[in-house]
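Trainee: Okay, here's the structure, questions in a sec.
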Amino acid sequence: MTQITFTLNTEEKTVEVPPLKRLLDVLREDLHLTGTKEGCGEGECGSCSVLLNGDLVNSCLVPVLQTEGARITTIEGVAQEDRLDPIQQCFLECGGAQCGICTPGMILATRHLLQKYPHPTLTQIQEGLAGNLCRCTGYTRIFAAVQQAAATSR
């Protein structure tokens, strides 16, 4: 067991866990933050995406030891008090969320994308979300949600 300290959604956390335990499992099992989903467990689907020091990562591939001193943002850290984040609101309004498995990862991928490209083209949106798979929407509504979020933030 190793003691690891990091900032999670603006709050400092210390966990005592096996150093090679996946960040995904620490979030879900030890910290009871179940918004981050496991889809494939192989880094292929993006359902477990979180922001780690501002970078979009698949938490199923990150040993928790690598998070010592890091800043981690999960879907639980996106909303502000009782208000949805504008990206979440756009996903809701555009129907970009259906079954909900991919939605947390898509929203964090969108946040990452809009930080890089505040006014993304459709191609940039497609490339920015390429690591996140959705089996429900066909992506059209997700792309519309991202475009609306970009327009809302202007």
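Letters A, B, ... mark the chains of the structure tokens in the order given; residue numbers begin at 1 per chain; ligand numbers begin at 1, in order shown.
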Residues at most 8 Å from range 95-101 of chain A, counting only C-alpha atoms, excluding those fewer than 5 positions away in the same chain, as JSON, numbers by chain?
Mentor: {"A": [37, 39, 47, 90, 136, 137, 139, 141, 142, 143, 144, 145]}
Trainee: Write a file of the just-selected residues containing N, CA, C and O atoms, as a PDB file, in the first residue's frame.
Mentor:
```pdb
ATOM      1  N   LYS A  37     -16.956   6.290 -15.971  1.00  0.00           N
ATOM      2  CA  LYS A  37     -17.458   4.954 -16.329  1.00  0.00           C
ATOM      3  C   LYS A  37     -16.342   4.073 -16.888  1.00  0.00           C
ATOM      4  O   LYS A  37     -15.405   4.555 -17.496  1.00  0.00           O
ATOM      5  N   GLY A  39     -15.802   1.389 -19.703  1.00  0.00           N
ATOM      6  CA  GLY A  39     -16.405   0.802 -20.889  1.00  0.00           C
ATOM      7  C   GLY A  39     -15.640  -0.435 -21.303  1.00  0.00           C
ATOM      8  O   GLY A  39     -16.114  -1.552 -21.166  1.00  0.00           O
ATOM      9  N   SER A  47     -14.732   6.174 -22.175  1.00  0.00           N
ATOM     10  CA  SER A  47     -15.764   6.344 -21.146  1.00  0.00           C
ATOM     11  C   SER A  47     -15.185   6.727 -19.797  1.00  0.00           C
ATOM     12  O   SER A  47     -15.852   7.353 -18.982  1.00  0.00           O
ATOM     13  N   CYS A  90     -25.575  21.989 -22.818  1.00  0.00           N
ATOM     14  CA  CYS A  90     -25.671  21.833 -24.275  1.00  0.00           C
ATOM     15  C   CYS A  90     -25.886  20.371 -24.657  1.00  0.00           C
ATOM     16  O   CYS A  90     -26.659  20.080 -25.575  1.00  0.00           O
ATOM     17  N   CYS A 136     -24.806   4.944 -29.186  1.00  0.00           N
ATOM     18  CA  CYS A 136     -26.234   5.300 -29.204  1.00  0.00           C
ATOM     19  C   CYS A 136     -26.583   6.406 -30.190  1.00  0.00           C
ATOM     20  O   CYS A 136     -27.600   6.331 -30.857  1.00  0.00           O
ATOM     21  N   THR A 137     -25.781   7.477 -30.244  1.00  0.00           N
ATOM     22  CA  THR A 137     -26.238   8.694 -30.909  1.00  0.00           C
ATOM     23  C   THR A 137     -25.862   8.828 -32.363  1.00  0.00           C
ATOM     24  O   THR A 137     -26.449   9.642 -33.060  1.00  0.00           O
ATOM     25  N   TYR A 139     -23.263  10.247 -33.182  1.00  0.00           N
ATOM     26  CA  TYR A 139     -22.376  11.408 -33.056  1.00  0.00           C
ATOM     27  C   TYR A 139     -22.960  12.735 -33.519  1.00  0.00           C
ATOM     28  O   TYR A 139     -22.472  13.775 -33.106  1.00  0.00           O
ATOM     29  N   ARG A 141     -25.666  14.410 -32.791  1.00  0.00           N
ATOM     30  CA  ARG A 141     -26.140  15.238 -31.682  1.00  0.00           C
ATOM     31  C   ARG A 141     -24.999  15.637 -30.750  1.00  0.00           C
ATOM     32  O   ARG A 141     -25.030  16.708 -30.154  1.00  0.00           O
ATOM     33  N   ILE A 142     -24.019  14.785 -30.620  1.00  0.00           N
ATOM     34  CA  ILE A 142     -22.847  15.132 -29.802  1.00  0.00           C
ATOM     35  C   ILE A 142     -22.097  16.285 -30.451  1.00  0.00           C
ATOM     36  O   ILE A 142     -21.735  17.257 -29.788  1.00  0.00           O
ATOM     37  N   PHE A 143     -21.874  16.200 -31.764  1.00  0.00           N
ATOM     38  CA  PHE A 143     -21.182  17.283 -32.471  1.00  0.00           C
ATOM     39  C   PHE A 143     -21.977  18.580 -32.361  1.00  0.00           C
ATOM     40  O   PHE A 143     -21.407  19.665 -32.172  1.00  0.00           O
ATOM     41  N   ALA A 144     -23.304  18.498 -32.462  1.00  0.00           N
ATOM     42  CA  ALA A 144     -24.154  19.686 -32.317  1.00  0.00           C
ATOM     43  C   ALA A 144     -24.020  20.269 -30.919  1.00  0.00           C
ATOM     44  O   ALA A 144     -23.961  21.496 -30.751  1.00  0.00           O
ATOM     45  N   ALA A 145     -23.933  19.409 -29.908  1.00  0.00           N
ATOM     46  CA  ALA A 145     -23.773  19.884 -28.526  1.00  0.00           C
ATOM     47  C   ALA A 145     -22.446  20.618 -28.358  1.00  0.00           C
ATOM     48  O   ALA A 145     -22.388  21.656 -27.693  1.00  0.00           O
TER      49      ALA A 145
END
```
Trainee: Near range 11-25 of chain A, within 9 Å and counting only C-alpha atoms, which residues show up once chain neighbours fewer than 5 positions away are dropped, as a list in words?
Mentor: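 Residues near the query, excluding close chain neighbours: Met1, Thr2, Gln3, Ile4, Thr5, Phe6, Asp30, Leu31, Thr36, Lys37, Glu38, Cys48, Ser49, Asn58, Ser59, Cys60, Leu61, Val62, Pro63, Val64, Leu65, Gln66, Thr67 and Arg71 of chain A.
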Trainee: Just list the residues in chain A DSSP gives helix (DSSP H, G or I) on the backbone, as a PyMOL selection string.
Mentor: chain A and resi 23-30+59-61+64-67+75-77+86-94+103-116+122-128+140-152
Trainee: Tell me which protein, DNA and RNA residues are within 9 Å of Val78 in chain A, counting only C-alpha atoms, leaving out same-chain ones fewer than 3 positions away, and put them as a PyMOL selection string.
Mentor: chain A and resi 9+73-75+84-85+87-88+107-108
Trainee: Those residues you just picked out, can you put them in a file as a short mmCIF file (atom, residue, chain, number, x, y, z; two decimals), in the first residue's frame with N, CA, C and O atoms?
Mentor:
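So result.cif came out as:
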```cif
data_model
loop_
_atom_site.label_atom_id
_atom_site.label_comp_id
_atom_site.auth_asym_id
_atom_site.auth_seq_id
_atom_site.Cartn_x
_atom_site.Cartn_y
_atom_site.Cartn_z
N ASN A 9 -10.89 17.52 -8.24
CA ASN A 9 -12.00 18.49 -8.36
C ASN A 9 -11.84 19.62 -7.35
O ASN A 9 -12.77 19.95 -6.64
N THR A 73 -9.56 16.20 -12.71
CA THR A 73 -10.94 16.65 -12.82
C THR A 73 -11.77 15.51 -13.38
O THR A 73 -11.46 14.98 -14.44
N THR A 74 -12.81 15.15 -12.64
CA THR A 74 -13.77 14.14 -13.11
C THR A 74 -15.07 14.86 -13.46
O THR A 74 -15.22 16.06 -13.21
N ILE A 75 -16.02 14.11 -13.96
CA ILE A 75 -17.31 14.70 -14.31
C ILE A 75 -17.98 15.34 -13.09
O ILE A 75 -18.68 16.34 -13.22
N LEU A 84 -25.69 23.06 -13.84
CA LEU A 84 -24.91 22.32 -14.83
C LEU A 84 -23.89 23.25 -15.46
O LEU A 84 -24.14 24.44 -15.64
N ASP A 85 -22.75 22.70 -15.83
CA ASP A 85 -21.77 23.41 -16.63
C ASP A 85 -22.41 23.68 -17.99
O ASP A 85 -23.24 22.90 -18.46
N ILE A 87 -21.38 23.15 -20.90
CA ILE A 87 -21.20 22.00 -21.80
C ILE A 87 -22.24 20.93 -21.48
O ILE A 87 -22.87 20.38 -22.38
N GLN A 88 -22.43 20.66 -20.20
CA GLN A 88 -23.45 19.68 -19.80
C GLN A 88 -24.83 20.11 -20.27
O GLN A 88 -25.61 19.30 -20.76
N ILE A 107 -18.04 14.80 -22.29
CA ILE A 107 -18.09 16.15 -21.74
C ILE A 107 -16.68 16.62 -21.36
O ILE A 107 -16.31 17.76 -21.65
N LEU A 108 -15.90 15.75 -20.75
CA LEU A 108 -14.53 16.14 -20.41
C LEU A 108 -13.68 16.30 -21.66
O LEU A 108 -12.83 17.21 -21.73
#
```
Trainee: Tell me which of A:Arg83, A:Pro118, A:Gln147, A:Val50 sits closest to Met106 in chain A, counting only C-alpha atoms.
Mentor: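 Closest to Met106 in chain A, using only C-alpha atoms: A:Val50.
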Trainee: Suppose you want the space between CA of Leu122 in chain A and CA of Gly41 in chain A; what is it in Å?
Mentor: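 CA of Gly41 in chain A lies at a distance of 28.4 Å from CA of Leu122 in chain A.
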Trainee: Using DSSP on the backbone coordinates, identify all residues within chain A classified as strand (DSSP E or B); present the result as a PDB file with N, CA, C and O atoms, in the first residue's frame.
Mentor:
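Output below, filename out-v4.pdb:
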```pdb
ATOM      1  N   THR A   2       0.440   2.243  -0.729  1.00  0.00           N
ATOM      2  CA  THR A   2       1.173   3.495  -0.838  1.00  0.00           C
ATOM      3  C   THR A   2       0.203   4.643  -0.591  1.00  0.00           C
ATOM      4  O   THR A   2      -0.941   4.603  -1.033  1.00  0.00           O
ATOM      5  N   GLN A   3       0.680   5.657   0.089  1.00  0.00           N
ATOM      6  CA  GLN A   3      -0.135   6.845   0.313  1.00  0.00           C
ATOM      7  C   GLN A   3       0.120   7.823  -0.831  1.00  0.00           C
ATOM      8  O   GLN A   3       1.275   8.162  -1.113  1.00  0.00           O
ATOM      9  N   ILE A   4      -0.955   8.245  -1.484  1.00  0.00           N
ATOM     10  CA  ILE A   4      -0.859   9.126  -2.642  1.00  0.00           C
ATOM     11  C   ILE A   4      -1.787  10.313  -2.418  1.00  0.00           C
ATOM     12  O   ILE A   4      -2.948  10.143  -2.050  1.00  0.00           O
ATOM     13  N   THR A   5      -1.258  11.511  -2.659  1.00  0.00           N
ATOM     14  CA  THR A   5      -2.027  12.733  -2.483  1.00  0.00           C
ATOM     15  C   THR A   5      -2.135  13.458  -3.817  1.00  0.00           C
ATOM     16  O   THR A   5      -1.143  13.604  -4.542  1.00  0.00           O
ATOM     17  N   PHE A   6      -3.337  13.904  -4.134  1.00  0.00           N
ATOM     18  CA  PHE A   6      -3.572  14.659  -5.359  1.00  0.00           C
ATOM     19  C   PHE A   6      -4.750  15.602  -5.126  1.00  0.00           C
ATOM     20  O   PHE A   6      -5.448  15.499  -4.119  1.00  0.00           O
ATOM     21  N   THR A   7      -4.936  16.516  -6.050  1.00  0.00           N
ATOM     22  CA  THR A   7      -6.086  17.421  -5.991  1.00  0.00           C
ATOM     23  C   THR A   7      -7.156  16.866  -6.913  1.00  0.00           C
ATOM     24  O   THR A   7      -6.919  16.680  -8.103  1.00  0.00           O
ATOM     25  N   LEU A   8      -8.303  16.585  -6.337  1.00  0.00           N
ATOM     26  CA  LEU A   8      -9.412  16.010  -7.083  1.00  0.00           C
ATOM     27  C   LEU A   8     -10.570  16.994  -7.071  1.00  0.00           C
ATOM     28  O   LEU A   8     -11.135  17.291  -6.008  1.00  0.00           O
ATOM     29  N   GLU A  11     -10.240  19.715  -4.559  1.00  0.00           N
ATOM     30  CA  GLU A  11     -10.095  19.334  -3.156  1.00  0.00           C
ATOM     31  C   GLU A  11      -8.936  18.347  -3.006  1.00  0.00           C
ATOM     32  O   GLU A  11      -8.853  17.365  -3.741  1.00  0.00           O
ATOM     33  N   GLU A  12      -8.050  18.615  -2.050  1.00  0.00           N
ATOM     34  CA  GLU A  12      -6.924  17.706  -1.845  1.00  0.00           C
ATOM     35  C   GLU A  12      -7.413  16.393  -1.242  1.00  0.00           C
ATOM     36  O   GLU A  12      -8.195  16.381  -0.297  1.00  0.00           O
ATOM     37  N   LYS A  13      -6.941  15.289  -1.816  1.00  0.00           N
ATOM     38  CA  LYS A  13      -7.312  13.952  -1.356  1.00  0.00           C
ATOM     39  C   LYS A  13      -6.049  13.131  -1.137  1.00  0.00           C
ATOM     40  O   LYS A  13      -5.082  13.253  -1.873  1.00  0.00           O
ATOM     41  N   THR A  14      -6.082  12.286  -0.130  1.00  0.00           N
ATOM     42  CA  THR A  14      -5.010  11.320   0.123  1.00  0.00           C
ATOM     43  C   THR A  14      -5.658   9.954   0.217  1.00  0.00           C
ATOM     44  O   THR A  14      -6.639   9.777   0.934  1.00  0.00           O
ATOM     45  N   VAL A  15      -5.100   9.014  -0.538  1.00  0.00           N
ATOM     46  CA  VAL A  15      -5.604   7.646  -0.510  1.00  0.00           C
ATOM     47  C   VAL A  15      -4.442   6.712  -0.196  1.00  0.00           C
ATOM     48  O   VAL A  15      -3.299   7.003  -0.517  1.00  0.00           O
ATOM     49  N   GLU A  16      -4.757   5.613   0.444  1.00  0.00           N
ATOM     50  CA  GLU A  16      -3.755   4.587   0.695  1.00  0.00           C
ATOM     51  C   GLU A  16      -4.203   3.345  -0.067  1.00  0.00           C
ATOM     52  O   GLU A  16      -5.167   2.674   0.325  1.00  0.00           O
ATOM     53  N   VAL A  17      -3.520   3.098  -1.165  1.00  0.00           N
ATOM     54  CA  VAL A  17      -3.932   2.048  -2.097  1.00  0.00           C
ATOM     55  C   VAL A  17      -2.696   1.386  -2.703  1.00  0.00           C
ATOM     56  O   VAL A  17      -1.595   1.932  -2.621  1.00  0.00           O
ATOM     57  N   ARG A  22      -5.532   0.984 -10.771  1.00  0.00           N
ATOM     58  CA  ARG A  22      -5.927   1.939 -11.807  1.00  0.00           C
ATOM     59  C   ARG A  22      -6.612   3.160 -11.180  1.00  0.00           C
ATOM     60  O   ARG A  22      -7.396   3.019 -10.235  1.00  0.00           O
ATOM     61  N   SER A  49     -12.603   8.730 -19.332  1.00  0.00           N
ATOM     62  CA  SER A  49     -11.762   9.921 -19.482  1.00  0.00           C
ATOM     63  C   SER A  49     -11.894  10.875 -18.308  1.00  0.00           C
ATOM     64  O   SER A  49     -12.994  11.139 -17.823  1.00  0.00           O
ATOM     65  N   VAL A  50     -10.752  11.387 -17.877  1.00  0.00           N
ATOM     66  CA  VAL A  50     -10.666  12.445 -16.873  1.00  0.00           C
ATOM     67  C   VAL A  50      -9.600  13.419 -17.345  1.00  0.00           C
ATOM     68  O   VAL A  50      -8.828  13.122 -18.258  1.00  0.00           O
ATOM     69  N   LEU A  51      -9.558  14.575 -16.715  1.00  0.00           N
ATOM     70  CA  LEU A  51      -8.482  15.519 -16.991  1.00  0.00           C
ATOM     71  C   LEU A  51      -7.424  15.352 -15.910  1.00  0.00           C
ATOM     72  O   LEU A  51      -7.728  15.416 -14.720  1.00  0.00           O
ATOM     73  N   LEU A  52      -6.203  15.106 -16.330  1.00  0.00           N
ATOM     74  CA  LEU A  52      -5.069  14.929 -15.434  1.00  0.00           C
ATOM     75  C   LEU A  52      -4.065  16.013 -15.769  1.00  0.00           C
ATOM     76  O   LEU A  52      -3.492  16.004 -16.862  1.00  0.00           O
ATOM     77  N   ASP A  55      -4.671  17.510 -19.124  1.00  0.00           N
ATOM     78  CA  ASP A  55      -4.654  16.629 -20.290  1.00  0.00           C
ATOM     79  C   ASP A  55      -5.757  15.585 -20.169  1.00  0.00           C
ATOM     80  O   ASP A  55      -6.016  15.069 -19.083  1.00  0.00           O
ATOM     81  N   LEU A  56      -6.372  15.257 -21.280  1.00  0.00           N
ATOM     82  CA  LEU A  56      -7.398  14.230 -21.314  1.00  0.00           C
ATOM     83  C   LEU A  56      -6.721  12.865 -21.300  1.00  0.00           C
ATOM     84  O   LEU A  56      -5.878  12.582 -22.157  1.00  0.00           O
ATOM     85  N   VAL A  57      -7.063  12.020 -20.327  1.00  0.00           N
ATOM     86  CA  VAL A  57      -6.468  10.684 -20.223  1.00  0.00           C
ATOM     87  C   VAL A  57      -7.552   9.649 -19.956  1.00  0.00           C
ATOM     88  O   VAL A  57      -8.612   9.973 -19.421  1.00  0.00           O
ATOM     89  N   ASN A  58      -7.251   8.422 -20.321  1.00  0.00           N
ATOM     90  CA  ASN A  58      -8.119   7.297 -19.988  1.00  0.00           C
ATOM     91  C   ASN A  58      -7.690   6.794 -18.620  1.00  0.00           C
ATOM     92  O   ASN A  58      -6.603   6.237 -18.465  1.00  0.00           O
ATOM     93  N   PRO A  63      -1.893   4.183 -13.723  1.00  0.00           N
ATOM     94  CA  PRO A  63      -1.678   3.688 -12.361  1.00  0.00           C
ATOM     95  C   PRO A  63      -1.775   4.874 -11.403  1.00  0.00           C
ATOM     96  O   PRO A  63      -1.234   5.947 -11.677  1.00  0.00           O
ATOM     97  N   ARG A  71      -3.350  17.299 -10.525  1.00  0.00           N
ATOM     98  CA  ARG A  71      -4.697  17.868 -10.500  1.00  0.00           C
ATOM     99  C   ARG A  71      -5.575  16.979 -11.378  1.00  0.00           C
ATOM    100  O   ARG A  71      -5.266  16.776 -12.554  1.00  0.00           O
ATOM    101  N   ILE A  72      -6.649  16.451 -10.807  1.00  0.00           N
ATOM    102  CA  ILE A  72      -7.546  15.558 -11.528  1.00  0.00           C
ATOM    103  C   ILE A  72      -8.941  16.180 -11.530  1.00  0.00           C
ATOM    104  O   ILE A  72      -9.427  16.623 -10.498  1.00  0.00           O
ATOM    105  N   THR A  73      -9.559  16.202 -12.707  1.00  0.00           N
ATOM    106  CA  THR A  73     -10.945  16.655 -12.821  1.00  0.00           C
ATOM    107  C   THR A  73     -11.768  15.510 -13.377  1.00  0.00           C
ATOM    108  O   THR A  73     -11.457  14.975 -14.442  1.00  0.00           O
ATOM    109  N   GLN A  80     -21.223  23.371 -11.352  1.00  0.00           N
ATOM    110  CA  GLN A  80     -20.938  24.369 -10.323  1.00  0.00           C
ATOM    111  C   GLN A  80     -22.123  24.434  -9.370  1.00  0.00           C
ATOM    112  O   GLN A  80     -23.181  24.933  -9.745  1.00  0.00           O
ATOM    113  N   ARG A  83     -25.796  23.989 -10.467  1.00  0.00           N
ATOM    114  CA  ARG A  83     -25.963  24.390 -11.870  1.00  0.00           C
ATOM    115  C   ARG A  83     -25.096  23.524 -12.768  1.00  0.00           C
ATOM    116  O   ARG A  83     -23.923  23.298 -12.488  1.00  0.00           O
TER     117      ARG A  83
END
```
Trainee: To one decimal place, how far is CA of Gln115 in chain A from CA of Cys40 in chain A in Å?
Mentor: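 Those two atoms sit 26.6 Å apart.
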Trainee: Which residues are close to Leu114 in chain A, i.e. within 10 Å by only C-alpha atoms, leaving aside same-chain residues fewer than 3 positions away? Reply as a VMD selection string.
Mentor: chain A and resid 87 108 to 111 117 to 120 124 to 125 128 146 to 147 149 to 150 153
Trainee: Write a file of the selected residues as an mmCIF file, in the first residue's frame, keeping C-alpha atoms.
Mentor:
```
data_model
loop_
_atom_site.group_PDB
_atom_site.id
_atom_site.type_symbol
_atom_site.label_atom_id
_atom_site.label_comp_id
_atom_site.auth_asym_id
_atom_site.auth_seq_id
_atom_site.Cartn_x
_atom_site.Cartn_y
_atom_site.Cartn_z
ATOM 1 C CA ILE A 87 -21.202 22.001 -21.799
ATOM 2 C CA LEU A 108 -14.526 16.141 -20.412
ATOM 3 C CA ALA A 109 -13.184 15.639 -23.950
ATOM 4 C CA THR A 110 -15.299 18.613 -25.046
ATOM 5 C CA ARG A 111 -13.946 20.724 -22.197
ATOM 6 C CA TYR A 117 -9.863 25.415 -29.779
ATOM 7 C CA PRO A 118 -12.496 27.838 -28.424
ATOM 8 C CA HIS A 119 -14.146 27.981 -31.871
ATOM 9 C CA PRO A 120 -13.523 24.525 -33.327
ATOM 10 C CA GLN A 124 -11.468 19.667 -35.029
ATOM 11 C CA ILE A 125 -14.508 18.458 -33.076
ATOM 12 C CA GLY A 128 -11.007 16.038 -30.522
ATOM 13 C CA VAL A 146 -20.083 20.747 -28.872
ATOM 14 C CA GLN A 147 -20.846 23.390 -31.506
ATOM 15 C CA ALA A 149 -21.171 24.861 -26.274
ATOM 16 C CA ALA A 150 -18.549 26.694 -28.329
ATOM 17 C CA SER A 153 -18.940 30.373 -24.507
#
```
Trainee: State, in Å with one decimal place, the distance from CA of Leu113 in chain A to CA of Leu129 in chain A.
Mentor: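 Those two atoms sit 8.0 Å apart.
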